[in-house]
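The next block is start23.cif, given as mmCIF, C-alpha atoms.
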data_coords
loop_
_atom_site.label_atom_id
_atom_site.label_comp_id
_atom_site.auth_asym_id
_atom_site.auth_seq_id
_atom_site.Cartn_x
_atom_site.Cartn_y
_atom_site.Cartn_z
CA MET A 1 49.51 -14.21 4.44
CA ARG A 2 48.85 -10.55 5.20
CA LYS A 3 48.63 -9.75 1.48
CA LYS A 4 46.15 -12.60 0.99
CA THR A 5 44.01 -11.28 3.86
CA ILE A 6 44.03 -7.77 2.42
CA PHE A 7 43.11 -9.13 -1.02
CA CYS A 8 40.17 -11.14 0.41
CA ALA A 9 38.94 -8.13 2.37
CA PHE A 10 39.15 -6.01 -0.76
CA LEU A 11 37.27 -8.66 -2.75
CA ILE A 12 34.50 -8.85 -0.15
CA PHE A 13 34.25 -5.05 -0.04
CA GLY A 14 34.09 -4.93 -3.82
CA GLN A 15 31.26 -7.46 -3.92
CA TYR A 16 29.40 -5.56 -1.20
CA PHE A 17 29.86 -2.30 -3.05
CA LEU A 18 28.69 -3.74 -6.35
CA SER A 19 25.53 -5.11 -4.74
CA PHE A 20 24.51 -1.55 -3.87
CA ALA A 21 26.04 0.19 -6.89
CA GLN A 22 23.93 2.47 -9.03
CA LEU A 23 23.45 1.08 -12.54
CA LYS A 24 22.87 3.13 -15.68
CA VAL A 25 19.45 2.44 -17.15
CA THR A 26 18.15 3.89 -20.42
CA PHE A 27 14.37 3.86 -20.87
CA LYS A 28 13.48 4.35 -24.53
CA THR A 29 10.20 4.22 -26.44
CA GLY A 30 9.93 1.98 -29.50
CA ASN A 31 6.65 1.79 -31.38
CA LEU A 32 4.57 4.58 -29.89
CA GLN A 33 0.84 5.01 -30.37
CA VAL A 34 0.02 8.66 -31.08
CA SER A 35 -2.10 10.27 -28.38
CA LYS A 36 -4.76 12.92 -28.80
CA VAL A 37 -2.18 15.42 -27.60
CA SER A 38 0.64 16.03 -30.06
CA ASP A 39 3.14 17.39 -27.53
CA ALA A 40 2.57 14.69 -24.92
CA HIS A 41 4.69 14.49 -21.80
CA LEU A 42 5.54 10.91 -20.84
CA PHE A 43 6.38 9.68 -17.34
CA LEU A 44 7.34 6.43 -15.67
CA ALA A 45 5.36 5.43 -12.58
CA GLY A 46 6.57 2.44 -10.62
CA ASP A 47 7.76 1.07 -7.33
CA PHE A 48 10.91 3.19 -7.74
CA ASN A 49 8.86 6.41 -7.22
CA ASN A 50 5.82 5.23 -5.22
CA TRP A 51 3.78 4.94 -8.41
CA ASN A 52 3.58 8.68 -8.90
CA PRO A 53 2.08 9.10 -12.43
CA GLY A 54 3.40 12.63 -12.91
CA ASP A 55 6.81 12.50 -11.25
CA LYS A 56 8.98 15.13 -12.95
CA SER A 57 12.14 13.26 -11.99
CA PHE A 58 10.92 10.33 -14.10
CA GLU A 59 9.77 12.31 -17.15
CA LEU A 60 11.03 11.14 -20.55
CA VAL A 61 12.51 13.67 -22.97
CA GLN A 62 11.25 13.80 -26.56
CA ASN A 63 13.82 13.36 -29.34
CA ASN A 64 13.71 14.94 -32.79
CA ASP A 65 12.46 11.67 -34.30
CA GLY A 66 9.43 11.64 -31.99
CA SER A 67 10.74 8.95 -29.64
CA TYR A 68 11.21 9.53 -25.92
CA LEU A 69 14.21 8.86 -23.71
CA LEU A 70 15.03 8.81 -20.00
CA LEU A 71 18.44 8.15 -18.46
CA LYS A 72 18.44 7.05 -14.81
CA THR A 73 20.75 5.45 -12.29
CA LEU A 74 19.02 2.78 -10.22
CA PRO A 75 20.16 0.17 -7.71
CA LYS A 76 20.37 -3.44 -8.82
CA GLY A 77 16.96 -5.09 -8.44
CA SER A 78 13.58 -5.91 -9.93
CA TYR A 79 11.12 -3.16 -10.79
CA ASN A 80 7.48 -2.86 -11.85
CA PHE A 81 6.25 0.22 -13.70
CA LYS A 82 3.95 1.71 -16.33
CA ILE A 83 4.09 4.67 -18.72
CA THR A 84 1.65 7.55 -18.26
CA ARG A 85 1.08 10.99 -19.72
CA GLY A 86 0.90 12.50 -16.25
CA SER A 87 -2.09 10.80 -14.62
CA TRP A 88 -3.71 7.39 -14.22
CA GLN A 89 -6.46 8.50 -16.58
CA THR A 90 -3.80 8.73 -19.31
CA VAL A 91 -1.94 5.51 -18.56
CA GLU A 92 -0.84 3.17 -21.35
CA CYS A 93 -3.18 0.31 -22.34
CA THR A 94 -3.68 -2.29 -25.07
CA ALA A 95 -4.59 -1.39 -28.66
CA LEU A 96 -8.21 -2.18 -27.73
CA GLY A 97 -8.23 0.02 -24.64
CA LYS A 98 -7.91 -2.78 -22.10
CA PRO A 99 -5.69 -2.36 -18.98
CA ILE A 100 -2.27 -4.00 -19.13
CA GLU A 101 -0.20 -5.73 -16.47
CA ASN A 102 2.64 -3.76 -14.92
CA ARG A 103 5.87 -3.83 -16.89
CA SER A 104 8.48 -5.88 -15.04
CA THR A 105 12.24 -5.76 -15.39
CA VAL A 106 15.25 -7.08 -13.51
CA ILE A 107 18.25 -4.73 -13.56
CA SER A 108 21.56 -6.45 -12.89
CA HIS A 109 23.86 -4.37 -15.13
CA ASP A 110 23.83 -1.22 -17.24
CA THR A 111 21.01 -1.72 -19.69
CA THR A 112 18.57 -0.21 -22.19
CA ILE A 113 14.85 -0.92 -21.91
CA VAL A 114 12.81 -0.39 -25.08
CA MET A 115 9.09 0.16 -24.49
CA ASP A 116 6.34 -0.16 -27.12
CA VAL A 117 3.05 1.58 -26.33
CA ALA A 118 -0.04 0.22 -28.09
CA GLY A 119 -2.57 2.73 -26.75
CA TRP A 120 -3.53 5.31 -24.15
CA GLN A 121 -6.47 4.87 -21.82
CA ASP A 122 -7.99 8.29 -22.50
CA ASN A 123 -8.20 7.52 -26.23
CA PHE A 124 -11.00 5.06 -25.43
CA LYS A 125 -14.41 5.41 -23.88
CA PRO A 126 -14.10 4.51 -20.21
CA ALA A 127 -15.43 1.07 -19.38
CA GLU A 128 -18.73 1.26 -17.57
CA LYS A 129 -18.17 0.69 -13.87
CA LYS A 130 -20.82 -0.87 -11.70
CA HIS A 131 -21.56 -0.71 -8.02
CA THR A 132 -20.59 -4.03 -6.45
CA ALA A 133 -20.89 -3.28 -2.73
CA SER A 134 -23.13 -5.76 -0.92
CA ALA A 135 -26.26 -4.78 1.00
CA ASN A 136 -24.25 -4.95 4.23
CA VAL A 137 -22.03 -2.01 3.21
CA HIS A 138 -23.16 1.48 4.18
CA ILE A 139 -21.80 5.02 3.93
CA ILE A 140 -21.65 6.61 7.37
CA ASN A 141 -20.92 10.06 5.97
CA GLU A 142 -19.67 11.36 2.63
CA LYS A 143 -18.03 14.30 4.41
CA PHE A 144 -16.99 13.15 7.85
CA ASP A 145 -14.99 15.90 9.57
CA VAL A 146 -11.28 15.24 10.13
CA PRO A 147 -10.46 18.10 12.53
CA GLN A 148 -6.83 17.03 12.99
CA LEU A 149 -6.22 17.69 9.28
CA GLY A 150 -8.86 20.32 8.56
CA ARG A 151 -10.43 18.09 5.89
CA GLN A 152 -13.41 15.86 5.31
CA ARG A 153 -13.49 12.23 4.28
CA ARG A 154 -15.99 9.57 3.23
CA ILE A 155 -16.36 6.78 5.78
CA TRP A 156 -17.70 3.30 4.95
CA ILE A 157 -18.91 0.59 7.30
CA TYR A 158 -19.56 -3.11 6.80
CA LEU A 159 -22.12 -4.50 9.26
CA PRO A 160 -22.55 -8.27 9.70
CA PRO A 161 -25.73 -9.68 8.11
CA ASP A 162 -27.19 -10.44 11.55
CA TYR A 163 -26.35 -7.03 13.04
CA ASP A 164 -29.96 -5.77 13.15
CA SER A 165 -31.33 -9.04 14.53
CA SER A 166 -28.74 -9.66 17.22
CA TYR A 167 -27.78 -7.92 20.43
CA LYS A 168 -24.13 -8.92 20.55
CA LYS A 169 -21.12 -6.68 20.28
CA TYR A 170 -18.60 -7.04 17.46
CA SER A 171 -14.87 -6.68 16.96
CA VAL A 172 -13.85 -3.89 14.59
CA ILE A 173 -11.24 -3.65 11.81
CA TYR A 174 -10.25 -0.15 10.67
CA MET A 175 -8.93 -0.14 7.08
CA HIS A 176 -7.41 2.53 4.86
CA ASP A 177 -8.06 3.24 1.15
CA GLY A 178 -11.80 2.86 1.66
CA GLN A 179 -12.48 3.50 -2.03
CA ASN A 180 -10.89 0.15 -2.89
CA LEU A 181 -12.33 -2.11 -0.21
CA PHE A 182 -15.96 -2.81 -1.15
CA ASP A 183 -17.08 -1.20 -4.41
CA GLU A 184 -15.67 -1.54 -7.91
CA TYR A 185 -17.37 1.75 -8.86
CA THR A 186 -15.21 3.80 -6.49
CA SER A 187 -12.03 1.75 -6.77
CA GLY A 188 -9.06 3.07 -8.66
CA TYR A 189 -7.39 -0.22 -9.64
CA GLY A 190 -9.89 -2.86 -8.61
CA GLU A 191 -11.45 -3.69 -5.25
CA TRP A 192 -10.40 -5.97 -2.41
CA GLY A 193 -13.88 -7.52 -2.29
CA ILE A 194 -13.89 -7.44 1.51
CA ASP A 195 -17.70 -7.49 1.69
CA GLU A 196 -18.02 -10.62 -0.45
CA ILE A 197 -15.42 -12.38 1.69
CA MET A 198 -17.20 -11.41 4.91
CA ASP A 199 -20.66 -12.28 3.56
CA GLY A 200 -19.47 -15.85 3.06
CA LEU A 201 -18.50 -16.36 6.71
CA PRO A 202 -20.72 -17.88 9.42
CA ALA A 203 -22.40 -15.42 11.76
CA LYS A 204 -20.15 -16.37 14.70
CA ASP A 205 -17.07 -15.25 12.77
CA GLN A 206 -18.39 -11.86 11.65
CA CYS A 207 -17.05 -8.43 12.61
CA ILE A 208 -17.55 -4.77 11.74
CA ILE A 209 -15.19 -3.24 9.19
CA VAL A 210 -14.73 0.53 8.90
CA GLY A 211 -13.20 1.89 5.70
CA ILE A 212 -11.65 5.35 5.56
CA ASP A 213 -11.18 6.89 2.11
CA HIS A 214 -7.67 8.01 1.27
CA GLY A 215 -7.17 11.71 0.64
CA GLY A 216 -6.30 11.64 -3.06
CA ASP A 217 -3.38 14.02 -3.48
CA TYR A 218 -2.87 13.84 0.30
CA ARG A 219 -2.64 10.04 0.38
CA ILE A 220 1.14 9.73 0.61
CA SER A 221 1.55 12.46 3.22
CA GLU A 222 -1.39 11.24 5.35
CA TYR A 223 -0.12 7.68 5.36
CA ASP A 224 3.46 8.69 6.22
CA PRO A 225 4.34 9.83 9.75
CA TYR A 226 7.67 11.21 8.50
CA ASP A 227 8.69 13.87 6.00
CA SER A 228 9.91 12.56 2.65
CA LYS A 229 10.64 13.82 -0.84
CA TYR A 230 6.90 13.51 -1.46
CA GLY A 231 6.00 16.08 1.19
CA LYS A 232 5.54 16.71 4.89
CA GLY A 233 4.36 13.66 6.77
CA GLN A 234 0.87 13.95 8.28
CA GLY A 235 0.56 10.40 9.53
CA ASN A 236 0.49 11.44 13.19
CA GLU A 237 -2.51 13.68 12.61
CA TYR A 238 -4.27 11.00 10.56
CA ILE A 239 -3.80 8.35 13.24
CA ASP A 240 -4.90 10.81 15.93
CA PHE A 241 -8.10 11.26 13.90
CA LEU A 242 -8.74 7.51 13.95
CA VAL A 243 -8.08 7.22 17.69
CA LYS A 244 -9.56 10.43 19.03
CA THR A 245 -12.40 11.16 16.60
CA LEU A 246 -13.48 8.22 14.46
CA LYS A 247 -13.20 5.32 16.93
CA PRO A 248 -15.15 7.15 19.67
CA TYR A 249 -17.87 7.86 17.08
CA ILE A 250 -18.02 4.23 15.97
CA ASP A 251 -18.08 2.96 19.56
CA GLN A 252 -20.88 5.39 20.43
CA HIS A 253 -23.10 4.62 17.44
CA TYR A 254 -22.52 0.88 16.93
CA ARG A 255 -22.33 -2.19 19.15
CA THR A 256 -18.60 -2.74 19.36
CA GLU A 257 -16.09 -4.52 21.55
CA THR A 258 -14.03 -1.47 22.43
CA ASN A 259 -10.84 -2.95 23.90
CA ALA A 260 -7.56 -3.38 22.03
CA ASN A 261 -7.89 -7.17 21.80
CA HIS A 262 -10.93 -6.69 19.57
CA THR A 263 -9.67 -3.67 17.61
CA THR A 264 -7.55 -4.10 14.48
CA ILE A 265 -5.98 -1.74 11.97
CA ALA A 266 -5.05 -2.92 8.48
CA GLY A 267 -3.97 -1.67 5.07
CA SER A 268 -1.69 -2.22 2.10
CA SER A 269 1.36 -0.43 0.69
CA MET A 270 1.30 3.05 2.28
CA GLY A 271 -1.69 1.76 4.24
CA GLY A 272 0.53 -1.04 5.54
CA LEU A 273 3.11 1.51 6.66
CA ILE A 274 0.62 3.67 8.54
CA SER A 275 -1.04 0.59 10.09
CA MET A 276 2.33 -0.48 11.47
CA TYR A 277 2.90 3.00 12.86
CA ALA A 278 -0.59 3.16 14.40
CA ALA A 279 -0.12 -0.13 16.27
CA LEU A 280 3.26 1.04 17.56
CA LYS A 281 1.97 4.45 18.65
CA TYR A 282 -1.33 3.27 20.14
CA PRO A 283 -0.88 -0.36 21.23
CA ASP A 284 -3.54 0.21 23.90
CA VAL A 285 -6.04 0.98 21.10
CA PHE A 286 -5.02 -1.32 18.24
CA GLY A 287 -4.14 -4.75 19.59
CA ASN A 288 -3.85 -6.29 16.12
CA ALA A 289 -2.45 -5.04 12.81
CA GLY A 290 -2.67 -6.37 9.26
CA ILE A 291 0.46 -5.25 7.40
CA PHE A 292 -0.06 -5.94 3.69
CA SER A 293 2.85 -5.17 1.31
CA PRO A 294 4.12 -2.31 3.52
CA ALA A 295 5.94 0.66 1.98
CA PHE A 296 8.62 0.73 4.67
CA TRP A 297 11.16 1.95 2.11
CA ILE A 298 9.68 5.45 2.11
CA ALA A 299 9.94 5.80 5.91
CA PRO A 300 13.09 4.04 7.21
CA ASP A 301 12.75 5.89 10.52
CA ILE A 302 9.91 3.54 11.43
CA TYR A 303 12.50 0.85 12.24
CA LYS A 304 14.08 3.16 14.81
CA TYR A 305 10.65 3.98 16.22
CA ALA A 306 9.78 0.29 16.54
CA ASN A 307 13.12 -0.43 18.18
CA GLU A 308 12.54 2.27 20.80
CA LYS A 309 9.06 1.06 21.74
CA LYS A 310 8.38 -1.26 24.65
CA LEU A 311 5.75 -3.66 23.34
CA SER A 312 3.50 -6.13 25.08
CA SER A 313 3.92 -9.76 24.04
CA LYS A 314 0.14 -9.79 23.50
CA LEU A 315 0.36 -7.42 20.53
CA ARG A 316 -0.29 -9.13 17.20
CA PHE A 317 1.08 -8.29 13.73
CA TYR A 318 0.33 -10.15 10.50
CA PHE A 319 2.90 -9.47 7.77
CA VAL A 320 2.17 -10.52 4.18
CA CYS A 321 3.52 -9.63 0.73
CA GLY A 322 4.34 -11.14 -2.64
CA ASP A 323 7.85 -12.01 -3.76
CA ALA A 324 7.30 -10.28 -7.13
CA GLU A 325 6.53 -6.80 -5.79
CA SER A 326 9.92 -5.07 -5.54
CA GLU A 327 13.52 -5.94 -4.81
CA SER A 328 13.33 -4.87 -1.16
CA MET A 329 9.72 -5.69 -0.21
CA VAL A 330 10.40 -9.10 1.31
CA SER A 331 13.62 -8.10 3.07
CA ASP A 332 12.08 -4.87 4.43
CA MET A 333 9.13 -6.77 5.84
CA LYS A 334 11.29 -9.51 7.36
CA LYS A 335 13.48 -6.84 8.95
CA MET A 336 10.47 -5.37 10.72
CA ASP A 337 9.18 -8.76 11.77
CA SER A 338 12.59 -9.66 13.24
CA LEU A 339 12.60 -6.42 15.17
CA ILE A 340 9.11 -7.15 16.51
CA ARG A 341 10.18 -10.66 17.52
CA SER A 342 13.12 -9.21 19.46
CA LYS A 343 10.53 -7.48 21.65
CA GLY A 344 9.28 -10.83 22.87
CA ILE A 345 6.35 -11.20 20.46
CA SER A 346 6.04 -14.80 19.33
CA GLU A 347 5.94 -16.16 15.79
CA LYS A 348 2.33 -17.13 16.43
CA ASN A 349 1.51 -13.49 17.15
CA SER A 350 3.72 -12.17 14.36
CA PRO A 351 3.66 -14.48 11.32
CA THR A 352 5.34 -13.49 8.06
CA VAL A 353 3.67 -14.78 4.90
CA ILE A 354 5.40 -14.57 1.50
CA ILE A 355 3.18 -15.32 -1.51
CA LYS A 356 5.15 -16.74 -4.43
CA GLY A 357 4.65 -14.80 -7.67
CA ALA A 358 2.22 -12.30 -6.11
CA LYS A 359 2.43 -8.67 -7.22
CA HIS A 360 1.50 -5.33 -5.68
CA ASN A 361 -2.24 -4.95 -6.36
CA GLU A 362 -5.77 -5.37 -5.01
CA LYS A 363 -6.09 -8.83 -6.58
CA GLN A 364 -3.23 -10.02 -4.39
CA TRP A 365 -4.66 -8.41 -1.24
CA ASN A 366 -8.06 -9.98 -1.93
CA GLY A 367 -6.29 -13.34 -1.91
CA ASP A 368 -4.30 -12.43 1.21
CA PHE A 369 -7.27 -11.28 3.29
CA PRO A 370 -8.83 -14.69 4.17
CA GLY A 371 -5.53 -15.94 5.62
CA PHE A 372 -5.16 -12.76 7.63
CA TYR A 373 -8.72 -12.96 8.91
CA ASN A 374 -8.44 -16.62 9.90
CA TRP A 375 -5.33 -15.74 11.89
CA LEU A 376 -7.15 -12.80 13.46
CA LEU A 377 -9.99 -15.06 14.65
CA LYS A 378 -7.51 -17.30 16.45
#

I'd like the structure from this file rewritten - as structure tokens, please.
Amino acid sequence: MRKKTIFCAFLIFGQYFLSFAQLKVTFKTGNLQVSKVSDAHLFLAGDFNNWNPGDKSFELVQNNDGSYLLLKTLPKGSYNFKITRGSWQTVECTALGKPIENRSTVISHDTTIVMDVAGWQDNFKPAEKKHTASANVHIINEKFDVPQLGRQRRIWIYLPPDYDSSYKKYSVIYMHDGQNLFDEYTSGYGEWGIDEIMDGLPAKDQCIIVGIDHGGDYRISEYDPYDSKYGKGQGNEYIDFLVKTLKPYIDQHYRTETNANHTTIAGSSMGGLISMYAALKYPDVFGNAGIFSPAFWIAPDIYKYANEKKLSSKLRFYFVCGDAESESMVSDMKKMDSLIRSKGISEKNSPTVIIKGAKHNEKQWNGDFPGFYNWLLK
């Protein structure tokens, strides 16, 4: 009996170990379209490295026959990625210069992935981009001072269509990655279309939305309150800017409902992470948070921070992601939601929405926003 127990324990341990084992993955180019640069450096950018297009640890090595090879060990799971030559301006594309969907793969054993590349984006004339922001979107300042970081940032604002003709005060949503919220011209990978969504709502359901541009090369560090392999975390300073500099400015210059019940913070990916942190750090400022596809994996200490916080049952968090984003996205988000629920916050005030087949992009978040906003109104 004792031997049988030991054997079962060993079997369970072995299965547990295998589920977290590192698997050998060989990334190899097949048919490769020649770029304008003969000695091109190729990189993988995906959810395994926070979509860094020039990550040296994911650079492929060129063989004598002109092909490229990268050997990695990765945990079992599903991954999305693309090939670049070091930037998003030099990302792979179709033979006609059109953008391609992310490559997707499920790694369950040691494997070789062969990748054909039909074209490179910089070999084609950039598609003409047009301004798509509605008349209700305005730029507050192209170079708004961020004293906490010693930088400047463009700030956008969406004002309800009846703002100039009414005397009422409005709730406010603060959102990150301002470049991608309203205008296709400034967006990197497509826009959320927040202004079009808001324009279609009745006047009684309108609010003010403030968009803060991300900091380009500083984006990861500014949206992360903790140090990581991508640099020193500056999330505390960024959130202090929102609370101590930007919100007072908005409340002074626009008709706003200033209390926490009417103030929301929202964002996706790294923006989802920093929105979660902001609501935990300043619950008396941000009474609601929209957590879209949060990058909790890069900052596991946020679970400890959430666990240590004493939270009011009136705080509200909306969690949403797709089930085709990454292996850990759904489980990471559910883990945070469970932790929040343990603080006495109800399911009504902390729903978790999983979108079947949805991936990690602005198209998904455009589709997610109406559900989030309807919940916010309630």

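Our summary of the geometry notes that atom CA of Phe317 of chain A is positioned 4.9 Å from atom CA of Ala289 of chain A.
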
Output of the PyMOL selection byres ((chain A and resi 25) around 9), listed as a list of chain:residue names: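 This file, filtered by the PyMOL selection byres ((chain A and resi 25) around 9), leaves A:Leu23, A:Lys24, A:Thr26, A:Phe27, A:Leu70, A:Leu71, A:Lys72, A:Thr73, A:Leu74, A:Ile107, A:His109, A:Asp110, A:Thr111, A:Thr112, A:Ile113.
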
Written as a PyMOL selection string, what is the full residue list that the PyMOL selection byres ((chain A and resi 333) around 9) yields on the file shown? chain A and resi 291+293-296+319-321+328-332+334-338+352

Selection export as a PDB file, in the coordinates of the input, atoms kept: C-alpha atoms:
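This is the output file selection-v1.pdb:
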ATOM      1  CA  ILE A 291       0.460  -5.250   7.400  1.00  0.00           C
ATOM      2  CA  SER A 293       2.850  -5.170   1.310  1.00  0.00           C
ATOM      3  CA  PRO A 294       4.120  -2.310   3.520  1.00  0.00           C
ATOM      4  CA  ALA A 295       5.940   0.660   1.980  1.00  0.00           C
ATOM      5  CA  PHE A 296       8.620   0.730   4.670  1.00  0.00           C
ATOM      6  CA  PHE A 319       2.900  -9.470   7.770  1.00  0.00           C
ATOM      7  CA  VAL A 320       2.170 -10.520   4.180  1.00  0.00           C
ATOM      8  CA  CYS A 321       3.520  -9.630   0.730  1.00  0.00           C
ATOM      9  CA  SER A 328      13.330  -4.870  -1.160  1.00  0.00           C
ATOM     10  CA  MET A 329       9.720  -5.690  -0.210  1.00  0.00           C
ATOM     11  CA  VAL A 330      10.400  -9.100   1.310  1.00  0.00           C
ATOM     12  CA  SER A 331      13.620  -8.100   3.070  1.00  0.00           C
ATOM     13  CA  ASP A 332      12.080  -4.870   4.430  1.00  0.00           C
ATOM     14  CA  LYS A 334      11.290  -9.510   7.360  1.00  0.00           C
ATOM     15  CA  LYS A 335      13.480  -6.840   8.950  1.00  0.00           C
ATOM     16  CA  MET A 336      10.470  -5.370  10.720  1.00  0.00           C
ATOM     17  CA  ASP A 337       9.180  -8.760  11.770  1.00  0.00           C
ATOM     18  CA  SER A 338      12.590  -9.660  13.240  1.00  0.00           C
ATOM     19  CA  THR A 352       5.340 -13.490   8.060  1.00  0.00           C
TER      20      THR A 352
END

Just say which residues the PyMOL selection byres ((chain A and resi 229) around 12) picks in this file, as a short mmCIF file (atom, residue, chain, number, x, y, z; two decimals) with C-alpha atoms, in the coordinates of the input.
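And here is the file that came out, expr-v6.cif:
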data_model
loop_
_atom_site.label_atom_id
_atom_site.label_comp_id
_atom_site.auth_asym_id
_atom_site.auth_seq_id
_atom_site.Cartn_x
_atom_site.Cartn_y
_atom_site.Cartn_z
CA ASN A 49 8.86 6.41 -7.22
CA ASN A 50 5.82 5.23 -5.22
CA ASN A 52 3.58 8.68 -8.90
CA ASP A 55 6.81 12.50 -11.25
CA SER A 57 12.14 13.26 -11.99
CA ILE A 220 1.14 9.73 0.61
CA SER A 221 1.55 12.46 3.22
CA ASP A 224 3.46 8.69 6.22
CA TYR A 226 7.67 11.21 8.50
CA ASP A 227 8.69 13.87 6.00
CA SER A 228 9.91 12.56 2.65
CA TYR A 230 6.90 13.51 -1.46
CA GLY A 231 6.00 16.08 1.19
CA LYS A 232 5.54 16.71 4.89
CA GLY A 233 4.36 13.66 6.77
CA ILE A 298 9.68 5.45 2.11
CA ALA A 299 9.94 5.80 5.91
#

Out of A:Gly86, A:Glu101, A:Gln179, A:Gly190, which residue has the shortest atom-to-atom distance to Lys129 of chain A when counting only C-alpha atoms?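 With only C-alpha atoms as the atom set, the closest residue is A:Gly190.
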
Which neighbours of segment 245-254 of chain A fall inside 10 Å, counting all atoms listed in the file, when residues of the same chain fewer than 5 positions from it are skipped, and could you give them as a list in words? Ile140, Phe144, Asp145, Val146, Pro147, Gln148, Ile155, Ile157, Leu159, Tyr163, Lys169, Tyr170, Val172, Tyr174, Ile208, Val210, Ile212, Ile239, Asp240, Thr263 and Val285 of chain A

Using all atoms listed in the file, find all polymer residues with an atom at most 10 Å away from the point (8.4, 9.1, -27.3); report them as a PyMOL selection string. chain A and resi 28-34+39-42+60-70+115-117

For each of A:Thr90, A:Asn361, A:Asn80, A:Ser171, take the minimum atom-to-atom distance to Thr258 of chain A, counting only C-alpha atoms, then give the residue where this is smallest.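 Among the listed residues, A:Ser171 lies closest to Thr258 of chain A.
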
In terms of the shortest atom-to-atom distance over all atoms listed in the file, which of A:His176, A:Ala135, A:Ser313, A:Tyr189 is closest to Leu273 of chain A?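 When distances to Leu273 of chain A are compared using all atoms listed in the file, the smallest one comes from A:His176.
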
Separation of atom CA of Gly46 of chain A and atom CA of Ile354 of chain A, in Å? 20.9 Å

Spatial neighbours of segment 264-267 of chain A, max dist 6 Å, all atoms listed in the file, sep filter under 6 positions, as a ChimeraX atom specification: /A:173-176,275,286,288-290,292

When you count only C-alpha atoms, which of these residues is closest to Asn236 of chain A: A:Ile209, A:Ala279, A:Ala203, A:Met198?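 The answer is A:Ala279, which sits nearest to Asn236 of chain A.
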
Let me make sure I understand: among A:Asp368, A:Asp199, A:Asp183, A:Glu362, which one has the smallest atom-to-atom distance to Ile139 of chain A if we use all atoms listed in the file?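 The shortest atom-to-atom distance to Ile139 of chain A comes from A:Asp183.
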
Could you name the residues that touch Asn307 of chain A at 9 Å or less, counting only C-alpha atoms, but leaving out those on the same chain fewer than 6 positions away, as a list in words?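 The residues satisfying every condition are Leu339, Ile340, Ser342 and Lys343 of chain A.
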
Identify which of the residues A:Leu315, A:Lys310, A:Ser87, A:Ser166 lies closest to His262 of chain A, counting only C-alpha atoms when measuring atom-to-atom distances.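 Closest to His262 of chain A of all the choices is A:Leu315.
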
Correct to one decimal, the distance atom CA of Val137 of chain A-atom CA of Tyr158 of chain A is 4.5 Å

Neighbour list for Lys348 of chain A as an NGL selection string, cut-off 10 Å, only C-alpha atoms, skip fewer than 6 positions in-chain: :A and (316-318 or 375 or 378)

Contact residues around Leu96 of chain A with only C-alpha atoms at 12 Å, ignoring same-chain residues under 4 positions, as number ranges by chain: A: 33, 92, 100, 117-127
